[in-house]
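> My questions will all concern the structure given below.
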Amino acid sequence: MNKIAEAFAGKKAFIPFVTAGDPNLETTEKLLFAMQEAGADLIEIGIPFSDPVAEGPVIQEADIRALTSGTTTDKIFDMVQSIFPRMKVPMVFMTYINPVFVYGIEKFARRSKECGVSGIIVPDVPFEEKEEIRKTFAEHDVTLISMIAPTSSDRVKKIAEEAEGFVYCVSSLGVTGVRTEINTGISELIEQVKEVKDIPCAIGFGISTPEQAKEMAAISDGAIVGSAIVRIVAEHGSDSVPYVRDYVQSMKQAVLSL
């Protein structure tokens, strides 16, 4: 069983997201360990980019802070590689195609593998164009995670057929961010995926409270939370580690209670 499959084996997964380098890479390193200790099953590490089209203001501002602090893709790889021997849970990069192209697809895939990353999510690569990067990452044993949104409609079956690792189900239209209500027929979307393939489906975009995490995990295989964590980091900066640990623990407990 690969590491991504292990994250979902016999349980509902809680998947936190953190922007690498916000407010600095030293804090990111501490946050990764804290989230692992708090019960995260898989961790998404955002690679900051100047034009993150899928992100709302909270993560956009985090990207700016990270880039301003001198964070580079190479520095992120070095940091993740240095901690990998102590990380028991799978790590997945979330980035955009521009940083991957600029870095070089083959080199990016190779370095991802070297630093122990199990997968990569690239929201702005359309399904029809993913093969170009999927093949290169697959050669380095890094899984390209597929995303399915409420707008995917007639493409859901095609995306599901080719999906690997897990499917990132987008709970709502628009960009990432905290929402008070999440209701876009997401359960029907997951049913469509499961009809085609027996693959874990995790719901992201908009989840911020334990109640929402429990509600979303109840109809899927896990909950993904980004903006709510990034907001805690924005508020507390390099002192954010214990706050994020407590938050992740409360969210994991909510998902576990199912």
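Ordering of the structure tokens sets the chain letters (A, B, ...), residue numbers begin anew at 1 in every chain, and ligands are numbered from 1 in the order given.
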Among the residues of stretch 16-253 of chain A, find those DSSP assigns to strand (DSSP E or B) from the backbone and print them as a count of residues only.
33
> Would you give me, as a PyMOL selection string, the residues in stretch 112-169 of chain A that DSSP reads as helix (DSSP H, G or I)?
chain A and resi 112-114+127-129+131-139+153-162
> Please, what distance in Å, to one decimal, runs between atom CA of A:Asp239 and atom CA of A:Thr209?
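About the pair atom CA of A:Asp239 and atom CA of A:Thr209: they are 21.5 Å apart.
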> Near A:Ala138, counting only C-alpha atoms, which residues have an atom at most 12 Å away, once you skip same-chain residues fewer than 3 positions from it, shown as a PDB file with all heavy atoms, in the first residue's frame?

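Result went into out.pdb, see below:
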```
ATOM      1  N   ILE A 105       9.940  20.582 -15.344  1.00  0.00           N
ATOM      2  CA  ILE A 105       9.044  19.517 -14.881  1.00  0.00           C
ATOM      3  C   ILE A 105       9.826  18.316 -14.343  1.00  0.00           C
ATOM      4  O   ILE A 105       9.558  17.820 -13.253  1.00  0.00           O
ATOM      5  CB  ILE A 105       8.072  19.074 -16.004  1.00  0.00           C
ATOM      6  CG1 ILE A 105       7.192  20.244 -16.442  1.00  0.00           C
ATOM      7  CG2 ILE A 105       7.193  17.918 -15.532  1.00  0.00           C
ATOM      8  CD1 ILE A 105       6.354  19.978 -17.679  1.00  0.00           C
ATOM      9  N   GLU A 106      10.827  17.872 -15.104  1.00  0.00           N
ATOM     10  CA  GLU A 106      11.585  16.690 -14.698  1.00  0.00           C
ATOM     11  C   GLU A 106      12.345  16.943 -13.396  1.00  0.00           C
ATOM     12  O   GLU A 106      12.323  16.129 -12.478  1.00  0.00           O
ATOM     13  CB  GLU A 106      12.556  16.288 -15.822  1.00  0.00           C
ATOM     14  CG  GLU A 106      13.002  14.829 -15.783  1.00  0.00           C
ATOM     15  CD  GLU A 106      14.060  14.553 -14.719  1.00  0.00           C
ATOM     16  OE1 GLU A 106      14.865  15.455 -14.407  1.00  0.00           O
ATOM     17  OE2 GLU A 106      14.083  13.429 -14.190  1.00  0.00           O
ATOM     18  N   ALA A 109       9.934  17.100 -10.443  1.00  0.00           N
ATOM     19  CA  ALA A 109       9.474  15.755 -10.073  1.00  0.00           C
ATOM     20  C   ALA A 109      10.581  15.003  -9.325  1.00  0.00           C
ATOM     21  O   ALA A 109      10.325  14.355  -8.305  1.00  0.00           O
ATOM     22  CB  ALA A 109       9.058  14.985 -11.320  1.00  0.00           C
ATOM     23  N   ARG A 110      11.803  15.119  -9.810  1.00  0.00           N
ATOM     24  CA  ARG A 110      12.926  14.418  -9.179  1.00  0.00           C
ATOM     25  C   ARG A 110      13.162  14.934  -7.767  1.00  0.00           C
ATOM     26  O   ARG A 110      13.345  14.165  -6.830  1.00  0.00           O
ATOM     27  CB  ARG A 110      14.184  14.586 -10.039  1.00  0.00           C
ATOM     28  CG  ARG A 110      15.442  13.941  -9.460  1.00  0.00           C
ATOM     29  CD  ARG A 110      16.565  13.846 -10.485  1.00  0.00           C
ATOM     30  NE  ARG A 110      16.637  14.994 -11.375  1.00  0.00           N
ATOM     31  CZ  ARG A 110      17.283  16.134 -11.102  1.00  0.00           C
ATOM     32  NH1 ARG A 110      17.904  16.280  -9.952  1.00  0.00           N
ATOM     33  NH2 ARG A 110      17.324  17.107 -11.982  1.00  0.00           N
ATOM     34  N   SER A 112      11.012  16.454  -5.843  1.00  0.00           N
ATOM     35  CA  SER A 112       9.856  16.079  -5.010  1.00  0.00           C
ATOM     36  C   SER A 112      10.068  14.680  -4.443  1.00  0.00           C
ATOM     37  O   SER A 112       9.838  14.431  -3.255  1.00  0.00           O
ATOM     38  CB  SER A 112       8.559  16.120  -5.817  1.00  0.00           C
ATOM     39  OG  SER A 112       8.262  17.435  -6.241  1.00  0.00           O
ATOM     40  N   LYS A 113      10.511  13.780  -5.301  1.00  0.00           N
ATOM     41  CA  LYS A 113      10.776  12.401  -4.870  1.00  0.00           C
ATOM     42  C   LYS A 113      11.902  12.371  -3.847  1.00  0.00           C
ATOM     43  O   LYS A 113      11.809  11.684  -2.815  1.00  0.00           O
ATOM     44  CB  LYS A 113      11.139  11.546  -6.092  1.00  0.00           C
ATOM     45  CG  LYS A 113      11.601  10.130  -5.768  1.00  0.00           C
ATOM     46  CD  LYS A 113      10.500   9.310  -5.119  1.00  0.00           C
ATOM     47  CE  LYS A 113      10.946   7.870  -4.901  1.00  0.00           C
ATOM     48  NZ  LYS A 113       9.939   7.108  -4.137  1.00  0.00           N
ATOM     49  N   SER A 118       4.845  12.508  -1.552  1.00  0.00           N
ATOM     50  CA  SER A 118       4.096  11.406  -2.173  1.00  0.00           C
ATOM     51  C   SER A 118       3.252  11.832  -3.369  1.00  0.00           C
ATOM     52  O   SER A 118       2.916  11.005  -4.214  1.00  0.00           O
ATOM     53  CB  SER A 118       3.159  10.767  -1.140  1.00  0.00           C
ATOM     54  OG  SER A 118       3.885  10.279  -0.039  1.00  0.00           O
ATOM     55  N   GLY A 119       2.872  13.110  -3.407  1.00  0.00           N
ATOM     56  CA  GLY A 119       1.988  13.551  -4.480  1.00  0.00           C
ATOM     57  C   GLY A 119       2.081  15.041  -4.727  1.00  0.00           C
ATOM     58  O   GLY A 119       2.738  15.780  -3.985  1.00  0.00           O
ATOM     59  N   ILE A 120       1.402  15.475  -5.781  1.00  0.00           N
ATOM     60  CA  ILE A 120       1.366  16.891  -6.129  1.00  0.00           C
ATOM     61  C   ILE A 120      -0.025  17.247  -6.649  1.00  0.00           C
ATOM     62  O   ILE A 120      -0.664  16.443  -7.336  1.00  0.00           O
ATOM     63  CB  ILE A 120       2.459  17.231  -7.181  1.00  0.00           C
ATOM     64  CG1 ILE A 120       2.480  18.743  -7.466  1.00  0.00           C
ATOM     65  CG2 ILE A 120       2.298  16.416  -8.464  1.00  0.00           C
ATOM     66  CD1 ILE A 120       3.707  19.221  -8.216  1.00  0.00           C
ATOM     67  N   LYS A 130      -3.248  17.250 -18.492  1.00  0.00           N
ATOM     68  CA  LYS A 130      -2.470  16.778 -17.337  1.00  0.00           C
ATOM     69  C   LYS A 130      -1.439  15.708 -17.691  1.00  0.00           C
ATOM     70  O   LYS A 130      -0.460  15.526 -16.973  1.00  0.00           O
ATOM     71  CB  LYS A 130      -3.403  16.266 -16.241  1.00  0.00           C
ATOM     72  CG  LYS A 130      -3.963  14.865 -16.470  1.00  0.00           C
ATOM     73  CD  LYS A 130      -4.861  14.447 -15.335  1.00  0.00           C
ATOM     74  CE  LYS A 130      -5.512  13.114 -15.598  1.00  0.00           C
ATOM     75  NZ  LYS A 130      -4.676  11.964 -15.324  1.00  0.00           N
ATOM     76  N   GLU A 131      -1.649  14.987 -18.805  1.00  0.00           N
ATOM     77  CA  GLU A 131      -0.783  13.853 -19.119  1.00  0.00           C
ATOM     78  C   GLU A 131       0.689  14.259 -19.238  1.00  0.00           C
ATOM     79  O   GLU A 131       1.582  13.519 -18.851  1.00  0.00           O
ATOM     80  CB  GLU A 131      -1.253  13.171 -20.412  1.00  0.00           C
ATOM     81  CG  GLU A 131      -0.658  11.793 -20.647  1.00  0.00           C
ATOM     82  CD  GLU A 131      -0.832  10.836 -19.470  1.00  0.00           C
ATOM     83  OE1 GLU A 131      -1.845  10.931 -18.743  1.00  0.00           O
ATOM     84  OE2 GLU A 131       0.052   9.984 -19.266  1.00  0.00           O
ATOM     85  N   GLU A 132       0.909  15.457 -19.758  1.00  0.00           N
ATOM     86  CA  GLU A 132       2.283  15.933 -19.955  1.00  0.00           C
ATOM     87  C   GLU A 132       3.082  15.928 -18.641  1.00  0.00           C
ATOM     88  O   GLU A 132       4.240  15.538 -18.616  1.00  0.00           O
ATOM     89  CB  GLU A 132       2.262  17.358 -20.542  1.00  0.00           C
ATOM     90  CG  GLU A 132       3.649  17.886 -20.845  1.00  0.00           C
ATOM     91  CD  GLU A 132       3.625  19.295 -21.416  1.00  0.00           C
ATOM     92  OE1 GLU A 132       2.532  19.796 -21.760  1.00  0.00           O
ATOM     93  OE2 GLU A 132       4.709  19.893 -21.494  1.00  0.00           O
ATOM     94  N   ILE A 133       2.427  16.369 -17.547  1.00  0.00           N
ATOM     95  CA  ILE A 133       3.168  16.365 -16.287  1.00  0.00           C
ATOM     96  C   ILE A 133       2.956  15.069 -15.499  1.00  0.00           C
ATOM     97  O   ILE A 133       3.841  14.626 -14.795  1.00  0.00           O
ATOM     98  CB  ILE A 133       2.866  17.607 -15.408  1.00  0.00           C
ATOM     99  CG1 ILE A 133       1.407  17.643 -14.958  1.00  0.00           C
ATOM    100  CG2 ILE A 133       3.282  18.885 -16.095  1.00  0.00           C
ATOM    101  CD1 ILE A 133       1.177  18.653 -13.842  1.00  0.00           C
ATOM    102  N   ARG A 134       1.777  14.451 -15.646  1.00  0.00           N
ATOM    103  CA  ARG A 134       1.489  13.220 -14.887  1.00  0.00           C
ATOM    104  C   ARG A 134       2.543  12.152 -15.146  1.00  0.00           C
ATOM    105  O   ARG A 134       3.051  11.514 -14.232  1.00  0.00           O
ATOM    106  CB  ARG A 134       0.103  12.674 -15.261  1.00  0.00           C
ATOM    107  CG  ARG A 134      -0.349  11.510 -14.370  1.00  0.00           C
ATOM    108  CD  ARG A 134      -1.305  10.568 -15.065  1.00  0.00           C
ATOM    109  NE  ARG A 134      -0.701   9.868 -16.178  1.00  0.00           N
ATOM    110  CZ  ARG A 134       0.104   8.803 -16.042  1.00  0.00           C
ATOM    111  NH1 ARG A 134       0.410   8.324 -14.857  1.00  0.00           N
ATOM    112  NH2 ARG A 134       0.612   8.222 -17.120  1.00  0.00           N
ATOM    113  N   LYS A 135       2.874  11.974 -16.429  1.00  0.00           N
ATOM    114  CA  LYS A 135       3.822  10.933 -16.825  1.00  0.00           C
ATOM    115  C   LYS A 135       5.189  11.162 -16.172  1.00  0.00           C
ATOM    116  O   LYS A 135       5.798  10.239 -15.630  1.00  0.00           O
ATOM    117  CB  LYS A 135       3.952  10.943 -18.354  1.00  0.00           C
ATOM    118  CG  LYS A 135       4.669   9.740 -18.926  1.00  0.00           C
ATOM    119  CD  LYS A 135       4.417   9.685 -20.438  1.00  0.00           C
ATOM    120  CE  LYS A 135       5.226   8.572 -21.082  1.00  0.00           C
ATOM    121  NZ  LYS A 135       6.657   8.886 -21.138  1.00  0.00           N
ATOM    122  N   ASP A 141       7.661   8.357  -9.167  1.00  0.00           N
ATOM    123  CA  ASP A 141       6.819   7.819  -8.102  1.00  0.00           C
ATOM    124  C   ASP A 141       6.153   8.914  -7.273  1.00  0.00           C
ATOM    125  O   ASP A 141       6.015   8.807  -6.049  1.00  0.00           O
ATOM    126  CB  ASP A 141       7.661   6.890  -7.210  1.00  0.00           C
ATOM    127  CG  ASP A 141       6.803   5.986  -6.341  1.00  0.00           C
ATOM    128  OD1 ASP A 141       5.659   5.692  -6.744  1.00  0.00           O
ATOM    129  OD2 ASP A 141       7.253   5.598  -5.244  1.00  0.00           O
ATOM    130  N   VAL A 142       5.757   9.994  -7.940  1.00  0.00           N
ATOM    131  CA  VAL A 142       5.009  11.080  -7.293  1.00  0.00           C
ATOM    132  C   VAL A 142       3.648  11.139  -7.980  1.00  0.00           C
ATOM    133  O   VAL A 142       3.554  11.271  -9.199  1.00  0.00           O
ATOM    134  CB  VAL A 142       5.743  12.439  -7.411  1.00  0.00           C
ATOM    135  CG1 VAL A 142       4.912  13.562  -6.796  1.00  0.00           C
ATOM    136  CG2 VAL A 142       7.120  12.381  -6.731  1.00  0.00           C
ATOM    137  N   THR A 143       2.584  11.012  -7.194  1.00  0.00           N
ATOM    138  CA  THR A 143       1.221  10.927  -7.739  1.00  0.00           C
ATOM    139  C   THR A 143       0.643  12.301  -8.040  1.00  0.00           C
ATOM    140  O   THR A 143       0.666  13.183  -7.184  1.00  0.00           O
ATOM    141  CB  THR A 143       0.306  10.213  -6.717  1.00  0.00           C
ATOM    142  OG1 THR A 143       0.855   8.928  -6.428  1.00  0.00           O
ATOM    143  CG2 THR A 143      -1.105  10.054  -7.248  1.00  0.00           C
ATOM    144  N   LEU A 144       0.107  12.468  -9.243  1.00  0.00           N
ATOM    145  CA  LEU A 144      -0.610  13.703  -9.576  1.00  0.00           C
ATOM    146  C   LEU A 144      -2.059  13.534  -9.118  1.00  0.00           C
ATOM    147  O   LEU A 144      -2.778  12.667  -9.609  1.00  0.00           O
ATOM    148  CB  LEU A 144      -0.553  13.985 -11.077  1.00  0.00           C
ATOM    149  CG  LEU A 144      -1.285  15.247 -11.547  1.00  0.00           C
ATOM    150  CD1 LEU A 144      -0.630  16.515 -10.996  1.00  0.00           C
ATOM    151  CD2 LEU A 144      -1.349  15.318 -13.076  1.00  0.00           C
ATOM    152  N   ILE A 145      -2.460  14.340  -8.131  1.00  0.00           N
ATOM    153  CA  ILE A 145      -3.804  14.243  -7.549  1.00  0.00           C
ATOM    154  C   ILE A 145      -4.801  15.010  -8.413  1.00  0.00           C
ATOM    155  O   ILE A 145      -4.570  16.179  -8.749  1.00  0.00           O
ATOM    156  CB  ILE A 145      -3.822  14.825  -6.114  1.00  0.00           C
ATOM    157  CG1 ILE A 145      -2.744  14.181  -5.228  1.00  0.00           C
ATOM    158  CG2 ILE A 145      -5.204  14.709  -5.488  1.00  0.00           C
ATOM    159  CD1 ILE A 145      -2.888  12.723  -4.958  1.00  0.00           C
ATOM    160  N   GLU A 164      -5.656   9.082  -9.367  1.00  0.00           N
ATOM    161  CA  GLU A 164      -4.742   8.248  -8.574  1.00  0.00           C
ATOM    162  C   GLU A 164      -4.570   8.868  -7.193  1.00  0.00           C
ATOM    163  O   GLU A 164      -4.707  10.077  -7.027  1.00  0.00           O
ATOM    164  CB  GLU A 164      -3.377   8.167  -9.274  1.00  0.00           C
ATOM    165  CG  GLU A 164      -3.414   7.487 -10.629  1.00  0.00           C
ATOM    166  CD  GLU A 164      -2.081   7.624 -11.368  1.00  0.00           C
ATOM    167  OE1 GLU A 164      -1.662   8.760 -11.675  1.00  0.00           O
ATOM    168  OE2 GLU A 164      -1.456   6.591 -11.615  1.00  0.00           O
ATOM    169  N   GLY A 165      -4.248   8.028  -6.204  1.00  0.00           N
ATOM    170  CA  GLY A 165      -4.015   8.529  -4.843  1.00  0.00           C
ATOM    171  C   GLY A 165      -5.310   8.803  -4.113  1.00  0.00           C
ATOM    172  O   GLY A 165      -5.819   7.973  -3.372  1.00  0.00           O
TER     173      GLY A 165
END
```
> Residues within 6 Å of stretch 43-58 of chain A, please, as number ranges by chain. Count only C-alpha atoms; anything in the same chain fewer than 2 positions from it doesn't count.
A: 15-20, 60-61, 63, 91-95, 175-177
> What is the atom CA of A:Ser187-atom CA of A:Ile207 distance in Å, reported with one decimal?
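Those two atoms sit 15.0 Å apart.
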> Would you tabulate, counting only C-alpha atoms, all residues of stretch 22-46 of chain A that have an atom at most 7 Å from an atom of stretch 71-89 of chain A, showing the closest pair of atoms and their distance in Å to one decimal, sorted by chain then ascending number, as a tab-separated table?

```
residue	atom	partner	partner_atom	distance
A:Gln36	CA	A:Val89	CA	6.8
A:Asp41	CA	A:Val89	CA	5.9
A:Leu42	CA	A:Val89	CA	5.5
```
> Keeping only all heavy atoms, write the selected residues to a file as a PDB file, in the first residue's frame.

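Output file out-v4.pdb follows:
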```pdb
ATOM      1  N   GLN A  36       1.517  16.912  12.403  1.00  0.00           N
ATOM      2  CA  GLN A  36       1.669  15.453  12.467  1.00  0.00           C
ATOM      3  C   GLN A  36       1.341  14.952  13.876  1.00  0.00           C
ATOM      4  O   GLN A  36       0.574  13.994  14.040  1.00  0.00           O
ATOM      5  CB  GLN A  36       3.104  15.061  12.081  1.00  0.00           C
ATOM      6  CG  GLN A  36       3.388  13.575  12.236  1.00  0.00           C
ATOM      7  CD  GLN A  36       4.753  13.172  11.691  1.00  0.00           C
ATOM      8  OE1 GLN A  36       4.858  12.679  10.581  1.00  0.00           O
ATOM      9  NE2 GLN A  36       5.816  13.383  12.462  1.00  0.00           N
ATOM     10  N   ASP A  41      -3.459  13.213   8.945  1.00  0.00           N
ATOM     11  CA  ASP A  41      -3.238  11.949   8.242  1.00  0.00           C
ATOM     12  C   ASP A  41      -2.421  12.127   6.976  1.00  0.00           C
ATOM     13  O   ASP A  41      -1.773  11.192   6.500  1.00  0.00           O
ATOM     14  CB  ASP A  41      -4.587  11.309   7.888  1.00  0.00           C
ATOM     15  CG  ASP A  41      -5.382  10.963   9.137  1.00  0.00           C
ATOM     16  OD1 ASP A  41      -4.949  10.042   9.856  1.00  0.00           O
ATOM     17  OD2 ASP A  41      -6.395  11.631   9.415  1.00  0.00           O
ATOM     18  N   LEU A  42      -2.473  13.318   6.417  1.00  0.00           N
ATOM     19  CA  LEU A  42      -1.729  13.680   5.216  1.00  0.00           C
ATOM     20  C   LEU A  42      -1.610  15.196   5.283  1.00  0.00           C
ATOM     21  O   LEU A  42      -2.527  15.862   5.779  1.00  0.00           O
ATOM     22  CB  LEU A  42      -2.494  13.218   3.974  1.00  0.00           C
ATOM     23  CG  LEU A  42      -1.892  13.428   2.577  1.00  0.00           C
ATOM     24  CD1 LEU A  42      -2.413  12.341   1.621  1.00  0.00           C
ATOM     25  CD2 LEU A  42      -2.229  14.794   1.992  1.00  0.00           C
TER      26      LEU A  42
END
```
> With distances taken over only C-alpha atoms, which residue among A:Leu256, A:Lys157, A:Val122, A:Gly39 lies nearest A:Phe101?
A:Val122
> Fewer than 4 positions away in the same chain doesn't count, so skip those; otherwise give me all residues within 10 Å of stretch 192-201 of chain A, counting only C-alpha atoms, as a PDB file with N, CA and C atoms, in the first residue's frame.

```pdb
ATOM      1  N   ILE A   4      -0.115   7.414   0.371  1.00  0.00           N
ATOM      2  CA  ILE A   4      -1.373   8.156   0.261  1.00  0.00           C
ATOM      3  C   ILE A   4      -2.539   7.241   0.630  1.00  0.00           C
ATOM      4  N   ALA A   5      -2.517   6.011   0.139  1.00  0.00           N
ATOM      5  CA  ALA A   5      -3.583   5.049   0.472  1.00  0.00           C
ATOM      6  C   ALA A   5      -3.622   4.795   1.975  1.00  0.00           C
ATOM      7  N   ALA A   7      -3.062   6.843   4.314  1.00  0.00           N
ATOM      8  CA  ALA A   7      -3.687   7.980   5.005  1.00  0.00           C
ATOM      9  C   ALA A   7      -5.192   7.773   5.173  1.00  0.00           C
ATOM     10  N   PHE A   8      -5.785   6.995   4.263  1.00  0.00           N
ATOM     11  CA  PHE A   8      -7.235   6.784   4.291  1.00  0.00           C
ATOM     12  C   PHE A   8      -7.621   5.391   4.775  1.00  0.00           C
ATOM     13  N   ALA A   9      -6.633   4.536   5.033  1.00  0.00           N
ATOM     14  CA  ALA A   9      -6.917   3.130   5.350  1.00  0.00           C
ATOM     15  C   ALA A   9      -7.675   2.983   6.664  1.00  0.00           C
ATOM     16  N   LYS A  12     -11.413   7.926   8.499  1.00  0.00           N
ATOM     17  CA  LYS A  12     -11.621   9.195   7.805  1.00  0.00           C
ATOM     18  C   LYS A  12     -10.351  10.026   7.988  1.00  0.00           C
ATOM     19  N   ALA A  13      -9.889  10.662   6.936  1.00  0.00           N
ATOM     20  CA  ALA A  13      -8.629  11.406   7.001  1.00  0.00           C
ATOM     21  C   ALA A  13      -8.862  12.886   7.277  1.00  0.00           C
ATOM     22  N   MET A 147      -8.403  16.919  -9.234  1.00  0.00           N
ATOM     23  CA  MET A 147      -9.431  17.716  -8.553  1.00  0.00           C
ATOM     24  C   MET A 147     -10.724  17.621  -9.341  1.00  0.00           C
ATOM     25  N   ILE A 148     -11.831  17.544  -8.609  1.00  0.00           N
ATOM     26  CA  ILE A 148     -13.151  17.549  -9.242  1.00  0.00           C
ATOM     27  C   ILE A 148     -13.972  18.637  -8.577  1.00  0.00           C
ATOM     28  N   SER A 153     -19.068  18.369 -14.046  1.00  0.00           N
ATOM     29  CA  SER A 153     -20.238  17.701 -14.654  1.00  0.00           C
ATOM     30  C   SER A 153     -19.903  16.511 -15.549  1.00  0.00           C
ATOM     31  N   VAL A 156     -16.680  14.311 -14.955  1.00  0.00           N
ATOM     32  CA  VAL A 156     -16.420  13.621 -13.686  1.00  0.00           C
ATOM     33  C   VAL A 156     -15.968  12.183 -13.918  1.00  0.00           C
ATOM     34  N   LYS A 157     -16.671  11.458 -14.773  1.00  0.00           N
ATOM     35  CA  LYS A 157     -16.345  10.051 -14.995  1.00  0.00           C
ATOM     36  C   LYS A 157     -14.957   9.887 -15.589  1.00  0.00           C
ATOM     37  N   LYS A 158     -14.623  10.746 -16.549  1.00  0.00           N
ATOM     38  CA  LYS A 158     -13.292  10.660 -17.174  1.00  0.00           C
ATOM     39  C   LYS A 158     -12.204  10.952 -16.147  1.00  0.00           C
ATOM     40  N   ILE A 159     -12.415  11.996 -15.349  1.00  0.00           N
ATOM     41  CA  ILE A 159     -11.419  12.361 -14.334  1.00  0.00           C
ATOM     42  C   ILE A 159     -11.273  11.215 -13.327  1.00  0.00           C
ATOM     43  N   ALA A 160     -12.412  10.673 -12.892  1.00  0.00           N
ATOM     44  CA  ALA A 160     -12.395   9.588 -11.894  1.00  0.00           C
ATOM     45  C   ALA A 160     -11.671   8.347 -12.412  1.00  0.00           C
ATOM     46  N   GLU A 161     -11.915   8.012 -13.675  1.00  0.00           N
ATOM     47  CA  GLU A 161     -11.284   6.821 -14.278  1.00  0.00           C
ATOM     48  C   GLU A 161      -9.758   6.881 -14.174  1.00  0.00           C
ATOM     49  N   GLU A 162      -9.216   8.090 -14.368  1.00  0.00           N
ATOM     50  CA  GLU A 162      -7.756   8.244 -14.413  1.00  0.00           C
ATOM     51  C   GLU A 162      -7.159   8.725 -13.093  1.00  0.00           C
ATOM     52  N   ALA A 163      -8.007   8.985 -12.105  1.00  0.00           N
ATOM     53  CA  ALA A 163      -7.518   9.533 -10.827  1.00  0.00           C
ATOM     54  C   ALA A 163      -6.637   8.532 -10.087  1.00  0.00           C
ATOM     55  N   GLU A 164      -5.656   9.082  -9.367  1.00  0.00           N
ATOM     56  CA  GLU A 164      -4.742   8.248  -8.574  1.00  0.00           C
ATOM     57  C   GLU A 164      -4.570   8.868  -7.193  1.00  0.00           C
ATOM     58  N   GLY A 165      -4.248   8.028  -6.204  1.00  0.00           N
ATOM     59  CA  GLY A 165      -4.015   8.529  -4.843  1.00  0.00           C
ATOM     60  C   GLY A 165      -5.310   8.803  -4.113  1.00  0.00           C
ATOM     61  N   PHE A 166      -5.859   9.994  -4.338  1.00  0.00           N
ATOM     62  CA  PHE A 166      -7.193  10.347  -3.860  1.00  0.00           C
ATOM     63  C   PHE A 166      -7.741  11.433  -4.769  1.00  0.00           C
ATOM     64  N   VAL A 167      -9.025  11.657  -4.687  1.00  0.00           N
ATOM     65  CA  VAL A 167      -9.639  12.731  -5.468  1.00  0.00           C
ATOM     66  C   VAL A 167      -9.921  13.902  -4.545  1.00  0.00           C
ATOM     67  N   TYR A 168      -9.460  15.080  -4.938  1.00  0.00           N
ATOM     68  CA  TYR A 168      -9.698  16.316  -4.190  1.00  0.00           C
ATOM     69  C   TYR A 168     -11.022  16.880  -4.704  1.00  0.00           C
ATOM     70  N   CYS A 169     -12.056  16.782  -3.890  1.00  0.00           N
ATOM     71  CA  CYS A 169     -13.383  17.254  -4.288  1.00  0.00           C
ATOM     72  C   CYS A 169     -13.595  18.685  -3.793  1.00  0.00           C
ATOM     73  N   ILE A 186     -22.335  18.207  -3.065  1.00  0.00           N
ATOM     74  CA  ILE A 186     -21.038  17.531  -3.077  1.00  0.00           C
ATOM     75  C   ILE A 186     -21.174  16.020  -2.911  1.00  0.00           C
ATOM     76  N   SER A 187     -22.192  15.574  -2.168  1.00  0.00           N
ATOM     77  CA  SER A 187     -22.356  14.120  -1.976  1.00  0.00           C
ATOM     78  C   SER A 187     -22.676  13.416  -3.297  1.00  0.00           C
ATOM     79  N   GLU A 188     -23.439  14.085  -4.166  1.00  0.00           N
ATOM     80  CA  GLU A 188     -23.744  13.491  -5.481  1.00  0.00           C
ATOM     81  C   GLU A 188     -22.482  13.371  -6.322  1.00  0.00           C
ATOM     82  N   ALA A 217     -16.673  14.990   6.257  1.00  0.00           N
ATOM     83  CA  ALA A 217     -16.055  13.664   6.352  1.00  0.00           C
ATOM     84  C   ALA A 217     -17.117  12.563   6.378  1.00  0.00           C
ATOM     85  N   ILE A 219     -19.712  12.360   4.569  1.00  0.00           N
ATOM     86  CA  ILE A 219     -20.159  12.012   3.211  1.00  0.00           C
ATOM     87  C   ILE A 219     -18.989  11.719   2.271  1.00  0.00           C
ATOM     88  N   SER A 220     -17.768  11.681   2.835  1.00  0.00           N
ATOM     89  CA  SER A 220     -16.589  11.434   1.998  1.00  0.00           C
ATOM     90  C   SER A 220     -15.587  10.596   2.782  1.00  0.00           C
ATOM     91  N   ASP A 221     -14.336  10.629   2.337  1.00  0.00           N
ATOM     92  CA  ASP A 221     -13.282   9.878   3.032  1.00  0.00           C
ATOM     93  C   ASP A 221     -12.364  10.788   3.840  1.00  0.00           C
ATOM     94  N   GLY A 222     -12.642  12.092   3.814  1.00  0.00           N
ATOM     95  CA  GLY A 222     -11.789  12.993   4.587  1.00  0.00           C
ATOM     96  C   GLY A 222     -12.077  14.451   4.314  1.00  0.00           C
ATOM     97  N   ALA A 223     -11.541  15.298   5.196  1.00  0.00           N
ATOM     98  CA  ALA A 223     -11.730  16.746   5.085  1.00  0.00           C
ATOM     99  C   ALA A 223     -10.376  17.440   4.943  1.00  0.00           C
TER     100      ALA A 223
END
```
